[in-house]
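Below: one structure, written as structure tokens.
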Protein chains: 2
Amino acid sequence: MTTDILPHAQAAELAETFGLLSDPTRLSIVLSCRDGERSAGEIAQMLGTSPSLTSHHLRLLRGARIVKSERRGKQVFYALADACVRDVLTIMIEHQFTHAHEPAQST
Amino acid sequence: MTTDILPHAQAAELAETFGLLSDPTRLSIVLSCRDGERSAGEIAQMLGTSPSLTSHHLRLLRGARIVKSERRGKQVFYALADACVRDVLTIMIEHQFTHAHEPAQST
DNA sequence: ACAACAATTCAACAACTGTTTAAATGTTCG
DNA sequence: CGAACATTTAAACAGTTGTTGAATTGTTGT
């Protein structure tokens with residue numbers, strides 16, 4: 001079943017999830033949660049993005065279960081939602097920066 | 001190093017790769033290669049997309065080493081580029097359709 | 001060389017999406 | 001309650017991106 005072709009609708013859902021990782025700012029937000037939870041403000045400060053924009057992206061990421069959130073006092077802390085997310089990031093980084101410096105295929 | 005935050009430029013590269021998986025049509029093309037190589041024409045026929053559009057997407061995917069190609073006669077056969085791609089797809093499908101049916105987080 | 005098939009390229013249009021700015025919500029403490 | 005802080009929401013603009021249709025390139029066989 002895992003090797004079958006996914007029906008239209010499911011492929012679209014999956015594509016949407018990948019799409020959330022396809023924006024540099026939003027991906028950086030996710031990556032900033034890789035080594036532990038961070039508050040929305042910390043993330044914004046780290047990346048130099050406005051609190052507004054950061055929050056907007058965090059909402060989308062939370063909606064797709066890429067990150068999870070927990071309020072403690074005034075702050076809301078964000079962390080990667082599960083191991084799948086961490087693994088996908090790790091593998092993709094490997095794919096990109098480990099064996100990806102051979103010249104691109106032309107044929 | 002794998003748990004550190006990626007610099008701006010590398011995050012952008014990574015985001016671009018995820019972006020290639022973020023379109024339903026293009027993702028379906030990748031998924032159609034999961035159980036072995038397929039010619040451009042076969043893929044187009046399977047998905048019901050025009051040869052033109054299919055080829056356009058395949059070029060982008062090949063450029064990012066998500067698929068690799070090999071011409072045999074008139075046909076050009078495409079396959080997943082490496083295990084990383086296969087793994088990312090598998091994990092993401094698991095993330096999406098296995099433990100993703102709990103109600104979305106509100107806090 | 002010509003015809004038939006397979007795949008690719010090109011340019012233009014339409015739709016989507018990230019960003020910004022401003023206003024609003026929620027939380028703690030005096 | 002009111003002030004200060006942290007985060008969120010909303011609407012509008014600007015830039016990006018997928019799709020289409022026509023023309024082009026490459027390959028095989030006659």
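Ligands are numbered from 1 in the order shown, residues from 1 within each chain, and chains are lettered A, B, ... in the order they appear in the structure tokens.
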List every residue of chain A that has an atom at most 8 Å from any atom of chain B, and for each one report the closest atom pair and its distance in Å to one decimal, counting only C-alpha atoms, with rows sorted by chain and then by increasing residue number, as CSV.
```
residue,atom,partner,partner_atom,distance
A:Thr2,CA,B:Thr90,CA,7.0
A:Thr3,CA,B:Asp35,CA,5.8
A:Asp4,CA,B:Asp35,CA,7.1
A:Ile5,CA,B:Ser32,CA,5.9
A:Leu6,CA,B:Leu31,CA,7.3
A:His8,CA,B:Ser28,CA,7.7
A:Ala11,CA,B:Pro24,CA,5.9
A:Ala12,CA,B:Pro24,CA,4.8
A:Leu14,CA,B:Gln96,CA,6.9
A:Ala15,CA,B:Ser22,CA,4.2
A:Glu16,CA,B:Ser22,CA,5.9
A:Thr17,CA,B:Ser22,CA,7.3
A:Phe18,CA,B:Ser22,CA,4.9
A:Gly19,CA,B:Ser22,CA,4.3
A:Leu21,CA,B:Phe18,CA,6.0
A:Ser22,CA,B:Ala15,CA,4.2
A:Asp23,CA,B:Ala15,CA,5.5
A:Pro24,CA,B:Ala12,CA,4.8
A:Leu27,CA,B:Ala15,CA,6.4
A:Ser28,CA,B:Ala11,CA,6.3
A:Leu31,CA,B:Ile5,CA,6.0
A:Ser32,CA,B:Ile5,CA,5.8
A:Arg34,CA,B:Thr3,CA,6.2
A:Asp35,CA,B:Thr3,CA,5.8
A:Arg62,CA,B:Gln105,CA,6.9
A:Gly63,CA,B:Ala104,CA,6.1
A:Ala64,CA,B:Ala104,CA,7.7
A:Arg65,CA,B:Ala104,CA,7.1
A:Lys68,CA,B:Gln105,CA,7.2
A:Ser69,CA,B:Thr107,CA,6.3
A:Glu70,CA,B:Thr107,CA,6.3
A:Arg71,CA,B:Thr107,CA,7.0
A:Cys84,CA,B:His95,CA,6.0
A:Val85,CA,B:His95,CA,7.8
A:Asp87,CA,B:Ile91,CA,7.7
A:Val88,CA,B:Val88,CA,5.5
A:Thr90,CA,B:Thr2,CA,7.0
A:Ile91,CA,B:Cys84,CA,6.0
A:Met92,CA,B:Cys84,CA,6.9
A:Ile93,CA,B:Leu14,CA,7.1
A:Glu94,CA,B:Cys84,CA,7.8
A:His95,CA,B:Cys84,CA,6.0
A:Gln96,CA,B:Leu14,CA,6.9
A:Ala100,CA,B:Arg65,CA,7.6
A:Ala104,CA,B:Gly63,CA,6.1
A:Gln105,CA,B:Arg62,CA,6.9
A:Thr107,CA,B:Glu70,CA,6.3
```
Output file for the selection above: C-alpha atoms, as a compact mmCIF listing (two decimals), in the first residue's frame:
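Listed below is the output, part31.txt:
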```txt
# COMPACT_ATOMS: atom_id res chain seq x y z
CA THR A 2 2.86 2.34 0.74
CA THR A 3 4.22 1.80 -2.74
CA ASP A 4 0.93 2.33 -4.56
CA ILE A 5 0.03 5.55 -6.23
CA LEU A 6 -1.95 7.89 -4.05
CA HIS A 8 -5.71 12.62 -6.47
CA ALA A 11 -1.74 13.64 -3.17
CA ALA A 12 -3.17 17.12 -2.93
CA LEU A 14 0.33 15.75 0.92
CA ALA A 15 1.38 18.48 -1.48
CA GLU A 16 -0.16 21.04 0.83
CA THR A 17 1.97 19.79 3.69
CA PHE A 18 5.11 19.99 1.61
CA GLY A 19 4.02 23.44 0.60
CA LEU A 21 7.91 23.73 4.14
CA SER A 22 8.49 25.45 0.83
CA ASP A 23 8.76 29.01 2.03
CA PRO A 24 12.20 30.09 3.33
CA LEU A 27 10.93 26.61 6.90
CA SER A 28 13.38 28.59 9.02
CA LEU A 31 14.15 24.54 11.68
CA SER A 32 14.47 26.86 14.66
CA ARG A 34 14.65 21.45 15.81
CA ASP A 35 16.76 21.76 18.92
CA ARG A 62 0.25 24.16 13.61
CA GLY A 63 -2.79 23.53 11.45
CA ALA A 64 -0.87 20.92 9.50
CA ARG A 65 0.57 19.37 12.67
CA LYS A 68 2.62 21.90 18.26
CA SER A 69 2.13 24.74 20.71
CA GLU A 70 1.72 25.21 24.43
CA ARG A 71 0.98 28.42 26.25
CA CYS A 84 8.17 12.34 11.36
CA VAL A 85 8.79 16.03 10.98
CA ASP A 87 13.11 12.82 10.26
CA VAL A 88 11.89 14.49 7.09
CA THR A 90 17.07 15.44 8.59
CA ILE A 91 16.75 13.34 5.46
CA MET A 92 16.08 16.32 3.25
CA ILE A 93 19.09 18.16 4.62
CA GLU A 94 21.17 15.09 3.90
CA HIS A 95 19.78 14.86 0.38
CA GLN A 96 20.50 18.49 -0.25
CA ALA A 100 23.98 16.73 -4.01
CA ALA A 104 22.98 18.11 -12.34
CA GLN A 105 21.73 15.53 -14.83
CA THR A 107 20.06 13.49 -20.10
```
Requested in this report: For DA24 of chain C, please output as a VMD selection string all residues within 10 Å (counting only C-alpha atoms (C1' of nucleotides); exclusion window: fewer than 3 positions along the same chain).
Outcome: chain D and resid 8 to 10
The selected residues should be written to file as an mmCIF file, in the first residue's frame (atoms: C-alpha atoms (C1' of nucleotides)).
```cif
data_model
loop_
_atom_site.group_PDB
_atom_site.id
_atom_site.type_symbol
_atom_site.label_atom_id
_atom_site.label_comp_id
_atom_site.auth_asym_id
_atom_site.auth_seq_id
_atom_site.Cartn_x
_atom_site.Cartn_y
_atom_site.Cartn_z
ATOM 1 C "C1'" DT D 8 -2.777 36.753 17.124
ATOM 2 C "C1'" DT D 9 -5.996 38.316 13.457
ATOM 3 C "C1'" DA D 10 -7.528 40.894 9.305
#
```
With chain C as the partner and 9 Å as the cut-off, tabulate the residues of chain B that qualify, each row holding the nearest pair of atoms and their distance in Å to one decimal, using only C-alpha atoms (C1' of nucleotides), sorted by chain and rising number, as a tab-separated table.
```
residue	atom	partner	partner_atom	distance
B:Ala40	CA	C:DA7	C1'	7.4
B:Gly41	CA	C:DA6	C1'	7.5
B:Pro51	CA	C:DA7	C1'	7.6
B:Ser52	CA	C:DT8	C1'	7.4
B:Ser55	CA	C:DT8	C1'	6.7
B:His56	CA	C:DT8	C1'	7.8
B:Lys74	CA	C:DA6	C1'	5.5
B:Gln75	CA	C:DA6	C1'	6.0
B:Val76	CA	C:DA7	C1'	7.6
```
Put those residues in a file: N, CA and C atoms, as a PDB file, in the first residue's frame.
```
ATOM      1  N   ALA B  40       8.093   9.227 -19.684  1.00  0.00           N
ATOM      2  CA  ALA B  40       7.361  10.492 -19.589  1.00  0.00           C
ATOM      3  C   ALA B  40       5.931  10.322 -20.097  1.00  0.00           C
ATOM      4  N   GLY B  41       5.805   9.586 -21.183  1.00  0.00           N
ATOM      5  CA  GLY B  41       4.484   9.371 -21.763  1.00  0.00           C
ATOM      6  C   GLY B  41       3.572   8.563 -20.858  1.00  0.00           C
ATOM      7  N   PRO B  51       1.396  15.901 -22.109  1.00  0.00           N
ATOM      8  CA  PRO B  51       2.839  15.630 -22.207  1.00  0.00           C
ATOM      9  C   PRO B  51       3.653  16.885 -21.938  1.00  0.00           C
ATOM     10  N   SER B  52       3.174  17.995 -22.413  1.00  0.00           N
ATOM     11  CA  SER B  52       3.883  19.255 -22.219  1.00  0.00           C
ATOM     12  C   SER B  52       4.063  19.585 -20.748  1.00  0.00           C
ATOM     13  N   SER B  55       6.290  17.041 -18.891  1.00  0.00           N
ATOM     14  CA  SER B  55       7.704  17.234 -19.189  1.00  0.00           C
ATOM     15  C   SER B  55       8.269  18.444 -18.458  1.00  0.00           C
ATOM     16  N   HIS B  56       7.475  19.486 -18.426  1.00  0.00           N
ATOM     17  CA  HIS B  56       7.886  20.701 -17.728  1.00  0.00           C
ATOM     18  C   HIS B  56       8.193  20.413 -16.264  1.00  0.00           C
ATOM     19  N   LYS B  74      13.193   6.120 -28.220  1.00  0.00           N
ATOM     20  CA  LYS B  74      12.419   7.360 -28.275  1.00  0.00           C
ATOM     21  C   LYS B  74      11.987   7.820 -26.903  1.00  0.00           C
ATOM     22  N   GLN B  75      11.913   6.874 -25.962  1.00  0.00           N
ATOM     23  CA  GLN B  75      11.393   7.223 -24.646  1.00  0.00           C
ATOM     24  C   GLN B  75      12.459   7.668 -23.663  1.00  0.00           C
ATOM     25  N   VAL B  76      12.025   8.479 -22.713  1.00  0.00           N
ATOM     26  CA  VAL B  76      12.887   8.863 -21.599  1.00  0.00           C
ATOM     27  C   VAL B  76      12.235   8.326 -20.331  1.00  0.00           C
TER      28      VAL B  76
END
```
Within 10 Å of chain B, which residues of chain D come that close, and what is the closest atom pair and distance in Å for each? Count only C-alpha atoms (C1' of nucleotides) and give it as CSV.
```
residue,atom,partner,partner_atom,distance
D:DT17,C1',B:Asp23,CA,9.9
D:DG18,C1',B:Asp23,CA,8.3
D:DT19,C1',B:Leu53,CA,7.4
D:DT20,C1',B:Leu53,CA,8.5
D:DG21,C1',B:Ser52,CA,9.4
D:DG26,C1',B:Lys74,CA,8.0
D:DT27,C1',B:Lys74,CA,5.1
D:DT28,C1',B:Lys74,CA,7.2
```
**Report entry** Distance of atom CA of Thr54 of chain A from atom C1' of DA3 of chain D, expressed in Å to one decimal place
**Finding:**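 We find that atom C1' of DA3 of chain D and atom CA of Thr54 of chain A lie 25.3 Å from each other.
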